[in-house]
file coords-v4.cif (mmCIF, C-alpha atoms)
data_my_file
#
loop_
_atom_site.label_atom_id
_atom_site.label_comp_id
_atom_site.auth_asym_id
_atom_site.auth_seq_id
_atom_site.Cartn_x
_atom_site.Cartn_y
_atom_site.Cartn_z
CA MET A 1 -24.06 20.69 -14.47
CA LEU A 2 -21.08 18.90 -16.03
CA GLN A 3 -23.37 16.10 -17.18
CA GLU A 4 -25.40 18.52 -19.38
CA THR A 5 -22.65 20.57 -21.01
CA VAL A 6 -20.04 18.11 -22.22
CA GLN A 7 -20.22 17.45 -25.96
CA LYS A 8 -19.03 14.33 -27.76
CA VAL A 9 -15.44 15.01 -28.87
CA VAL A 10 -14.34 11.64 -30.27
CA THR A 11 -15.58 9.66 -33.23
CA CYS A 12 -16.29 5.99 -32.62
CA ASN A 13 -15.71 3.99 -35.76
CA VAL A 14 -17.56 0.70 -36.07
CA SER A 15 -14.63 -1.51 -36.95
CA PHE A 16 -13.22 -4.86 -35.86
CA TYR A 17 -16.62 -6.53 -36.27
CA ASN A 18 -19.06 -4.95 -33.77
CA PHE A 19 -16.56 -3.06 -31.60
CA LYS A 20 -16.89 0.71 -31.32
CA CYS A 21 -13.46 2.23 -30.93
CA THR A 22 -11.48 5.27 -31.95
CA LEU A 23 -9.58 4.87 -35.19
CA SER A 24 -6.02 3.66 -34.64
CA GLU A 25 -3.33 5.98 -35.98
CA LEU A 26 -1.01 3.04 -36.70
CA THR A 27 -0.64 1.39 -40.08
CA GLN A 28 -0.70 -2.40 -40.25
CA PRO A 29 3.13 -2.72 -40.61
CA GLN A 30 3.62 -0.35 -37.65
CA ARG A 31 1.15 -2.38 -35.62
CA VAL A 32 2.99 -5.63 -36.37
CA VAL A 33 6.34 -4.14 -35.34
CA LEU A 34 4.83 -2.70 -32.16
CA ILE A 35 3.30 -6.03 -31.17
CA TRP A 36 6.59 -7.88 -31.78
CA VAL A 37 8.59 -5.34 -29.74
CA PHE A 38 6.15 -5.50 -26.84
CA THR A 39 6.08 -9.31 -27.05
CA ILE A 40 9.86 -9.33 -26.53
CA ILE A 41 9.48 -6.94 -23.59
CA ILE A 42 6.78 -9.15 -22.04
CA THR A 43 8.94 -12.26 -22.49
CA ILE A 44 11.89 -10.59 -20.76
CA THR A 45 9.61 -9.45 -17.94
CA VAL A 46 8.08 -12.88 -17.35
CA VAL A 47 11.30 -14.91 -17.71
CA GLY A 48 13.36 -12.46 -15.64
CA ASN A 49 10.94 -12.50 -12.73
CA ILE A 50 10.56 -16.29 -12.91
CA LEU A 51 14.35 -16.50 -12.56
CA THR A 52 14.20 -14.25 -9.49
CA ILE A 53 11.38 -16.26 -7.91
CA VAL A 54 13.02 -19.65 -8.56
CA SER A 55 16.40 -18.35 -7.31
CA ILE A 56 14.99 -17.24 -3.98
CA LEU A 57 12.90 -20.39 -3.50
CA TYR A 58 15.75 -22.76 -4.46
CA PHE A 59 19.01 -21.35 -3.10
CA ARG A 60 19.33 -21.27 0.69
CA GLN A 61 21.73 -18.32 0.63
CA LEU A 62 19.02 -16.16 -0.96
CA GLN A 63 16.37 -17.10 1.61
CA THR A 64 16.88 -14.01 3.74
CA ARG A 65 14.44 -11.57 5.28
CA THR A 66 15.26 -8.96 2.64
CA ASN A 67 14.57 -11.45 -0.12
CA VAL A 68 11.14 -12.27 1.28
CA LEU A 69 10.26 -8.76 0.13
CA ALA A 70 12.23 -9.23 -3.09
CA LEU A 71 10.20 -12.39 -3.73
CA SER A 72 6.98 -10.43 -3.24
CA LEU A 73 8.28 -7.75 -5.63
CA ALA A 74 9.15 -10.36 -8.27
CA LEU A 75 5.72 -11.97 -7.92
CA ALA A 76 3.97 -8.62 -8.47
CA ASP A 77 6.17 -7.89 -11.50
CA PHE A 78 5.58 -11.41 -12.86
CA LEU A 79 1.81 -10.89 -12.61
CA VAL A 80 2.15 -7.58 -14.45
CA GLY A 81 3.96 -9.41 -17.25
CA CYS A 82 1.48 -12.30 -17.40
CA LEU A 83 -1.91 -10.75 -16.71
CA ILE A 84 -1.61 -7.05 -17.55
CA MET A 85 0.87 -6.37 -20.33
CA PRO A 86 -0.52 -8.79 -22.99
CA PHE A 87 -3.96 -7.14 -22.88
CA SER A 88 -2.40 -3.67 -22.82
CA VAL A 89 -0.41 -4.49 -25.95
CA MET A 90 -3.58 -5.17 -27.91
CA ARG A 91 -5.27 -2.04 -26.56
CA THR A 92 -2.26 0.08 -27.53
CA ALA A 93 -1.84 -1.48 -30.99
CA TYR A 94 -5.50 -1.31 -32.02
CA SER A 95 -6.79 1.59 -29.87
CA CYS A 96 -9.54 -0.85 -28.95
CA TRP A 97 -10.51 -3.26 -26.17
CA PHE A 98 -11.82 -6.60 -27.40
CA TYR A 99 -12.60 -8.29 -24.09
CA GLY A 100 -15.75 -6.62 -22.73
CA GLN A 101 -16.48 -3.98 -20.11
CA LEU A 102 -16.29 -6.32 -17.11
CA MET A 103 -12.86 -7.52 -18.18
CA CYS A 104 -11.85 -3.89 -18.72
CA ARG A 105 -12.64 -3.05 -15.09
CA ILE A 106 -10.89 -6.20 -13.84
CA HIS A 107 -7.82 -5.41 -15.95
CA THR A 108 -7.67 -1.83 -14.64
CA TRP A 109 -8.16 -3.06 -11.08
CA LEU A 110 -5.33 -5.61 -11.28
CA ASP A 111 -3.09 -3.23 -13.22
CA TYR A 112 -3.18 -0.62 -10.46
CA THR A 113 -3.03 -3.31 -7.75
CA PHE A 114 0.12 -5.03 -9.02
CA THR A 115 2.03 -1.88 -10.01
CA THR A 116 1.20 -0.18 -6.71
CA CYS A 117 2.21 -3.37 -4.91
CA SER A 118 5.65 -3.06 -6.55
CA ILE A 119 6.09 0.45 -5.17
CA PHE A 120 4.94 -0.57 -1.69
CA ASN A 121 7.33 -3.54 -1.77
CA LEU A 122 10.20 -1.20 -2.60
CA ALA A 123 9.16 1.10 0.25
CA CYS A 124 9.25 -1.89 2.63
CA ILE A 125 12.63 -2.95 1.23
CA SER A 126 13.97 0.54 1.96
CA ILE A 127 12.89 0.08 5.60
CA ASP A 128 14.61 -3.29 5.71
CA ARG A 129 17.84 -1.87 4.23
CA TYR A 130 17.76 1.10 6.60
CA VAL A 131 17.61 -1.19 9.64
CA ALA A 132 20.26 -3.54 8.20
CA ILE A 133 22.71 -0.68 7.65
CA SER A 134 21.91 1.50 10.68
CA ASP A 135 21.48 -1.23 13.32
CA PRO A 136 22.98 -4.49 12.01
CA LEU A 137 23.44 -6.07 15.43
CA ARG A 138 19.72 -5.84 16.22
CA TYR A 139 18.47 -6.49 12.69
CA ASP A 140 17.09 -9.95 13.50
CA GLN A 141 15.19 -8.57 16.51
CA ARG A 142 13.78 -5.57 14.67
CA VAL A 143 12.92 -7.13 11.30
CA THR A 144 11.11 -10.27 12.43
CA TYR A 145 9.00 -12.53 10.25
CA ARG A 146 5.95 -11.08 11.99
CA ILE A 147 6.99 -7.61 10.85
CA LEU A 148 7.54 -8.96 7.35
CA ALA A 149 4.03 -10.44 7.38
CA VAL A 150 2.63 -7.01 8.28
CA MET A 151 4.63 -5.41 5.45
CA LEU A 152 3.38 -7.97 2.92
CA THR A 153 -0.20 -7.44 4.09
CA ILE A 154 0.17 -3.69 3.49
CA CYS A 155 1.75 -4.29 0.05
CA TRP A 156 -0.97 -6.62 -1.19
CA GLY A 157 -3.85 -5.13 0.80
CA ASN A 158 -4.45 -2.45 -1.83
CA ILE A 159 -6.21 -5.11 -3.91
CA ILE A 160 -9.35 -4.48 -1.85
CA PRO A 161 -9.75 -0.67 -2.17
CA TYR A 162 -8.80 -0.77 -5.85
CA GLY A 163 -11.23 -3.63 -6.44
CA VAL A 164 -14.11 -1.82 -4.77
CA SER A 165 -13.31 1.46 -6.56
CA TYR A 166 -13.05 0.12 -10.09
CA MET A 167 -15.72 -2.56 -9.94
CA LEU A 168 -18.23 -0.03 -8.53
CA LYS A 169 -16.93 2.72 -10.86
CA LEU A 170 -16.20 5.07 -7.96
CA ASN A 171 -13.27 6.49 -9.96
CA ILE A 172 -15.66 8.07 -12.49
CA ASN A 173 -18.40 9.11 -10.07
CA GLY A 174 -19.61 12.55 -11.16
CA ILE A 175 -17.73 12.60 -14.48
CA GLU A 176 -19.82 10.05 -16.40
CA SER A 177 -20.54 12.58 -19.14
CA VAL A 178 -16.81 13.27 -19.58
CA VAL A 179 -16.16 9.54 -20.00
CA ALA A 180 -18.98 9.26 -22.55
CA ALA A 181 -17.80 12.32 -24.49
CA LYS A 182 -14.08 11.56 -24.56
CA SER A 183 -13.97 7.81 -25.09
CA CYS A 184 -15.71 5.08 -27.05
CA PRO A 185 -17.56 2.12 -25.49
CA ASP A 186 -14.80 -0.33 -26.40
CA ASN A 187 -11.70 1.77 -25.66
CA CYS A 188 -11.25 0.76 -22.00
CA SER A 189 -9.94 4.24 -21.22
CA VAL A 190 -9.07 5.04 -17.61
CA PHE A 191 -10.62 8.17 -16.10
CA MET A 192 -10.45 9.46 -12.54
CA ASN A 193 -12.43 12.22 -10.91
CA VAL A 194 -10.43 14.86 -9.05
CA PRO A 195 -10.71 13.39 -5.50
CA PHE A 196 -9.89 9.87 -6.70
CA GLY A 197 -7.04 11.00 -8.96
CA LEU A 198 -5.37 13.11 -6.28
CA ALA A 199 -5.85 10.47 -3.56
CA ASN A 200 -4.49 7.77 -5.85
CA SER A 201 -1.48 9.85 -6.86
CA MET A 202 -0.60 10.84 -3.32
CA GLY A 203 -1.35 7.57 -1.52
CA ALA A 204 -0.08 5.09 -4.09
CA TYR A 205 2.83 6.96 -5.64
CA VAL A 206 3.97 10.33 -4.28
CA LEU A 207 4.03 9.56 -0.53
CA PRO A 208 5.67 6.12 -0.88
CA MET A 209 8.29 7.58 -3.21
CA LEU A 210 9.01 10.49 -0.87
CA PHE A 211 9.39 7.95 1.93
CA ILE A 212 11.77 5.86 -0.20
CA MET A 213 13.76 8.97 -1.11
CA ALA A 214 14.13 9.99 2.54
CA ALA A 215 15.13 6.48 3.61
CA TYR A 216 17.68 6.05 0.85
CA SER A 217 19.24 9.46 1.40
CA ARG A 218 20.08 8.22 4.90
CA ILE A 219 21.05 4.78 3.63
CA TYR A 220 23.39 6.31 1.05
CA VAL A 221 25.36 8.18 3.71
CA MET A 222 25.60 5.09 5.92
CA ALA A 223 26.47 2.84 2.95
CA ARG A 224 29.44 5.08 2.06
CA ASN A 225 30.75 4.71 5.61
CA GLN A 226 30.14 0.97 5.39
CA ALA A 227 32.08 0.80 2.11
CA LYS A 228 35.08 2.37 3.88
CA ARG A 229 34.82 -0.21 6.67
CA ILE A 230 34.63 -3.01 4.10
CA SER A 231 37.74 -1.70 2.36
CA SER A 232 39.59 -1.45 5.67
CA LEU A 233 38.50 -4.91 6.74
CA GLY A 234 39.47 -6.27 3.32
CA ASP A 235 43.02 -4.97 3.84
CA GLN A 236 43.11 -6.71 7.21
CA VAL A 237 41.86 -9.96 5.67
CA ARG A 238 44.55 -9.88 2.99
CA ALA A 239 47.23 -9.04 5.56
CA SER A 240 46.13 -11.76 7.98
CA ASN A 241 46.49 -15.48 7.73
CA ALA A 242 44.18 -16.94 5.07
CA SER A 243 42.92 -19.40 7.70
CA ASP A 244 41.39 -16.59 9.78
CA LEU A 245 37.84 -17.73 9.02
CA THR A 246 36.15 -15.37 11.48
CA MET A 247 37.50 -12.22 9.84
CA GLN A 248 36.93 -13.66 6.34
CA SER A 249 33.33 -14.50 7.22
CA LYS A 250 32.71 -11.04 8.65
CA TRP A 251 34.16 -9.42 5.52
CA ASN A 252 32.00 -11.58 3.23
CA ALA A 253 28.86 -10.77 5.26
CA MET A 254 29.53 -7.03 5.05
CA LYS A 255 30.22 -7.29 1.32
CA ARG A 256 26.94 -9.16 0.70
CA ASP A 257 24.99 -6.62 2.75
CA HIS A 258 26.58 -3.68 0.92
CA ASN A 259 26.02 -5.41 -2.42
CA ALA A 260 22.32 -5.87 -1.65
CA THR A 261 21.99 -2.22 -0.65
CA LYS A 262 23.70 -1.05 -3.86
CA THR A 263 21.41 -3.27 -5.96
CA LEU A 264 18.27 -1.98 -4.33
CA GLY A 265 19.55 1.58 -4.60
CA MET A 266 19.78 1.18 -8.39
CA ILE A 267 16.26 -0.25 -8.43
CA MET A 268 15.05 2.88 -6.64
CA VAL A 269 16.70 5.15 -9.24
CA VAL A 270 14.97 3.27 -12.06
CA LEU A 271 11.69 3.40 -10.12
CA PHE A 272 11.71 7.21 -10.03
CA ILE A 273 12.63 7.52 -13.71
CA VAL A 274 9.89 5.23 -15.02
CA TRP A 275 7.12 6.35 -12.66
CA LEU A 276 7.54 10.12 -12.85
CA PRO A 277 5.71 10.54 -16.22
CA PHE A 278 2.74 8.48 -15.00
CA ILE A 279 2.46 10.38 -11.72
CA VAL A 280 2.44 13.69 -13.58
CA VAL A 281 -0.25 12.46 -16.01
CA VAL A 282 -2.52 10.99 -13.32
CA ALA A 283 -2.25 14.07 -11.11
CA THR A 284 -2.78 16.67 -13.86
CA GLU A 285 -5.38 14.95 -16.08
CA PRO A 286 -8.43 15.75 -13.87
CA VAL A 287 -7.15 19.27 -13.18
CA ILE A 288 -6.80 20.24 -16.87
CA GLY A 289 -10.24 18.94 -17.79
CA TYR A 290 -9.30 15.53 -19.26
CA ARG A 291 -7.59 16.99 -22.33
CA MET A 292 -4.60 14.64 -22.24
CA ASP A 293 -4.00 12.81 -25.50
CA SER A 294 -4.45 9.03 -25.33
CA THR A 295 -0.92 8.55 -26.69
CA VAL A 296 0.48 10.37 -23.66
CA TRP A 297 -1.46 7.99 -21.41
CA ASP A 298 -0.12 4.98 -23.30
CA VAL A 299 3.48 6.14 -23.12
CA ALA A 300 3.24 6.95 -19.40
CA ASN A 301 1.53 3.63 -18.70
CA TRP A 302 4.15 1.58 -20.55
CA PHE A 303 6.91 3.38 -18.68
CA THR A 304 5.52 1.90 -15.45
CA TYR A 305 5.48 -1.58 -16.99
CA PHE A 306 9.16 -1.23 -17.87
CA ASN A 307 9.88 -1.11 -14.15
CA SER A 308 8.67 -4.73 -13.88
CA ARG A 309 11.07 -5.69 -16.66
CA MET A 310 14.07 -3.83 -15.22
CA ASN A 311 14.00 -5.17 -11.65
CA PRO A 312 15.34 -8.70 -12.47
CA ILE A 313 17.91 -7.21 -14.87
CA LEU A 314 19.17 -4.97 -12.07
CA PHE A 315 19.30 -7.92 -9.66
CA ALA A 316 21.52 -9.79 -12.13
CA SER A 317 23.66 -6.75 -12.99
CA PHE A 318 24.50 -5.46 -9.52
CA ASN A 319 24.17 -8.48 -7.21
CA ASN A 320 26.76 -11.28 -7.39
CA SER A 321 24.54 -13.81 -5.64
CA PHE A 322 21.59 -13.34 -8.00
CA ARG A 323 23.91 -13.30 -11.00
CA SER A 324 25.36 -16.68 -9.96
CA ALA A 325 21.87 -18.04 -9.27
CA PHE A 326 20.61 -16.97 -12.70
CA TYR A 327 23.67 -18.58 -14.30
CA LEU A 328 23.11 -21.90 -12.52
CA ILE A 329 19.44 -21.96 -13.49
CA MET A 330 19.84 -20.87 -17.11
CA SER A 331 22.79 -23.24 -17.70
CA GLY A 332 20.69 -26.13 -16.38
CA LYS A 333 23.29 -27.05 -13.77
CA ILE A 334 20.71 -27.23 -10.98
CA LEU A 335 19.09 -30.10 -12.90
CA ARG A 336 22.34 -32.09 -12.89
CA GLY A 337 23.30 -31.71 -9.24
CA SER A 338 22.41 -30.20 -5.89
CA TYR A 339 23.34 -26.54 -5.63
CA ARG A 340 20.92 -25.46 -2.90
CA GLY A 341 23.70 -24.75 -0.42
CA THR A 342 26.08 -23.10 -2.91
CA ASP A 343 28.04 -20.02 -1.84
CA LEU A 344 26.55 -17.86 -4.59
CA PHE A 345 28.40 -14.73 -3.58
CA ASN A 346 31.79 -16.34 -4.33
CA PHE A 347 30.62 -18.98 -6.81
CA ARG A 348 31.88 -17.43 -10.06
CA ARG A 349 35.27 -16.62 -8.51
CA LEU A 350 35.66 -20.13 -7.07
CA GLU A 351 34.53 -21.72 -10.35
CA LYS A 352 37.42 -20.04 -12.16
#

call {"tool": "encode", "arguments": {"input": "coords-v4.cif", "output": "structure tokens"}}
result
Amino acid sequence: MLQETVQKVVTCNVSFYNFKCTLSELTQPQRVVLIWVFTIIITITVVGNILTIVSILYFRQLQTRTNVLALSLALADFLVGCLIMPFSVMRTAYSCWFYGQLMCRIHTWLDYTFTTCSIFNLACISIDRYVAISDPLRYDQRVTYRILAVMLTICWGNIIPYGVSYMLKLNINGIESVVAAKSCPDNCSVFMNVPFGLANSMGAYVLPMLFIMAAYSRIYVMARNQAKRISSLGDQVRASNASDLTMQSKWNAMKRDHNATKTLGMIMVVLFIVWLPFIVVVATEPVIGYRMDSTVWDVANWFTYFNSRMNPILFASFNNSFRSAFYLIMSGKILRGSYRGTDLFNFRRLEK
């Protein structure tokens, strides 16, 4: 019935050679500024995540179980910056897709795969942090490399269902007439029927975020208690002989663990802020009859990309070890000597 009643509601202008797209509302100067701004954002995203990846692979102190998941997160964010954002910039600036329908489906497939992978990685990191804070003595037994392999498989396994769905156009099954009426052949607009939209919103975004919220509410309470223990132990360290290496080592380990938890907690806050608009749009668009303006889609979509840019900035801002690692890499010092075994947590203090 829907196929017969939907009328064409957009005008497809034959512009940009033989491409049929909706007319862009941007003037040429506005388009140039937009492209330059997004190019800077893409550069920050790519460089920042490369720094995170190289830091974890190079410095032994960062090669922890938690950072296996952080490495996976950085890889997903790096791929968003390299493979997704450049094409999205052109689509946003020109309201047109210049790369063909097959490439449109591949781009949509990888877009949802990599961004969802980021959320799943953060959910797995929340599990890791919960165990590290709640049961530190049995952490190595509970978070084994086998468990990490299972987590990574779950994070990256969504590439298969998304691939099948978008390549076979299951996301628009039953709403083909809506797609034809409300988009142009070369717009590469994303539509989802009601079952697909709701399943995607719940499975890929809402449920993982509710899980993260529940985990971090518990982690927050335990981290506050841990902070008090760190402060108490710090007083003991200062009052004791400076040669008491056992107590000093224990204090440093607790500080690093608390520092990692604080960093990842900030990442979670940013995650909720940047993903909330997109979740609302994806969940409500099919319900309101696909009346959402394309600009709203663009804004919500770019909010999710900003998450990939912010993660390495947060690592550098709230984690001493990553901040020292970034400094050593960007200053070129790792090219002039061996720093693999450097105590990154205390590096900047010792350097002074």

call {"tool": "residues_near_point", "arguments": {"input": "coords-v4.cif", "point": "(-13.2, 1.8, -3.8)", "cutoff": "12 Å", "atoms": "only C-alpha atoms", "output": "list in words"}}
result
Trp109, Asn158, Ile159, Ile160, Pro161, Tyr162, Gly163, Val164, Ser165, Tyr166, Met167, Leu168, Lys169, Leu170, Asn171, Ile172, Asn173, Met192, Pro195, Phe196, Ala199 and Asn200 of chain A

call {"tool": "atom_distance", "arguments": {"input": "coords-v4.cif", "atom1": "atom CA of Thr92 of chain A", "atom2": "atom CA of Val269 of chain A"}}
result
26.8 Å

call {"tool": "residues_around", "arguments": {"input": "coords-v4.cif", "residues": "Ile267 of chain A", "least_positions_apart": "4", "cutoff": "12 Å", "atoms": "only C-alpha atoms", "output": "PyMOL selection string"}}
result
chain A and resi 70+73+118-119+121-123+125-126+212+216+260-263+271-274+306-319

call {"tool": "closest_residue", "arguments": {"input": "coords-v4.cif", "among": "A:Leu34, A:Leu75, A:Ile50, A:Cys155", "to": "Ala93 of chain A", "atoms": "only C-alpha atoms"}}
result
A:Leu34

call {"tool": "atom_distance", "arguments": {"input": "coords-v4.cif", "atom1": "atom CA of Pro136 of chain A", "atom2": "atom CA of Met151 of chain A"}}
result
19.5 Å

call {"tool": "resolve_selection", "arguments": {"input": "coords-v4.cif", "expression": "the PyMOL selection byres ((chain A and resi 288-300) around 8)", "output": "VMD selection string"}}
result
chain A and resid 92 178 275 277 to 278 281 284 to 287 301 to 304

call {"tool": "closest_residue", "arguments": {"input": "coords-v4.cif", "among": "A:Cys188, A:Met90, A:Leu69, A:Met222", "to": "Ser134 of chain A", "atoms": "only C-alpha atoms"}}
result
A:Met222

call {"tool": "closest_residue", "arguments": {"input": "coords-v4.cif", "among": "A:Gln101, A:Asn18, A:Ser95, A:Asn187", "to": "Arg31 of chain A", "atoms": "all atoms listed in the file"}}
result
A:Ser95

call {"tool": "closest_residue", "arguments": {"input": "coords-v4.cif", "among": "A:Met202, A:Val143, A:Val270, A:Leu71", "to": "Tyr58 of chain A", "atoms": "only C-alpha atoms"}}
result
A:Leu71

call {"tool": "atom_distance", "arguments": {"input": "coords-v4.cif", "atom1": "atom CA of Arg218 of chain A", "atom2": "atom CA of Gly265 of chain A"}}
result
11.6 Å

call {"tool": "resolve_selection", "arguments": {"input": "coords-v4.cif", "expression": "the PyMOL selection byres ((chain A and resi 325) around 10)", "output": "PyMOL selection string"}}
result
chain A and resi 51-52+54-56+58-59+61-62+316+320-324+326-331+334+339-340+342-345+347

call {"tool": "resolve_selection", "arguments": {"input": "coords-v4.cif", "expression": "the PyMOL selection byres ((chain A and resi 84) around 10)", "output": "CSV table (one decimal) with C-alpha atoms, keeping the file's coordinate frame"}}
result
chain,number,residue,atom,x,y,z
A,42,ILE,CA,6.8,-9.2,-22.0
A,77,ASP,CA,6.2,-7.9,-11.5
A,78,PHE,CA,5.6,-11.4,-12.9
A,79,LEU,CA,1.8,-10.9,-12.6
A,80,VAL,CA,2.2,-7.6,-14.4
A,81,GLY,CA,4.0,-9.4,-17.2
A,82,CYS,CA,1.5,-12.3,-17.4
A,83,LEU,CA,-1.9,-10.8,-16.7
A,85,MET,CA,0.9,-6.4,-20.3
A,86,PRO,CA,-0.5,-8.8,-23.0
A,87,PHE,CA,-4.0,-7.1,-22.9
A,88,SER,CA,-2.4,-3.7,-22.8
A,89,VAL,CA,-0.4,-4.5,-26.0
A,107,HIS,CA,-7.8,-5.4,-16.0
A,108,THR,CA,-7.7,-1.8,-14.6
A,110,LEU,CA,-5.3,-5.6,-11.3
A,111,ASP,CA,-3.1,-3.2,-13.2
A,112,TYR,CA,-3.2,-0.6,-10.5
A,114,PHE,CA,0.1,-5.0,-9.0
A,115,THR,CA,2.0,-1.9,-10.0
A,305,TYR,CA,5.5,-1.6,-17.0

call {"tool": "closest_residue", "arguments": {"input": "coords-v4.cif", "among": "A:Val131, A:Ala180, A:Val190, A:Met268", "to": "Cys104 of chain A", "atoms": "only C-alpha atoms"}}
result
A:Val190
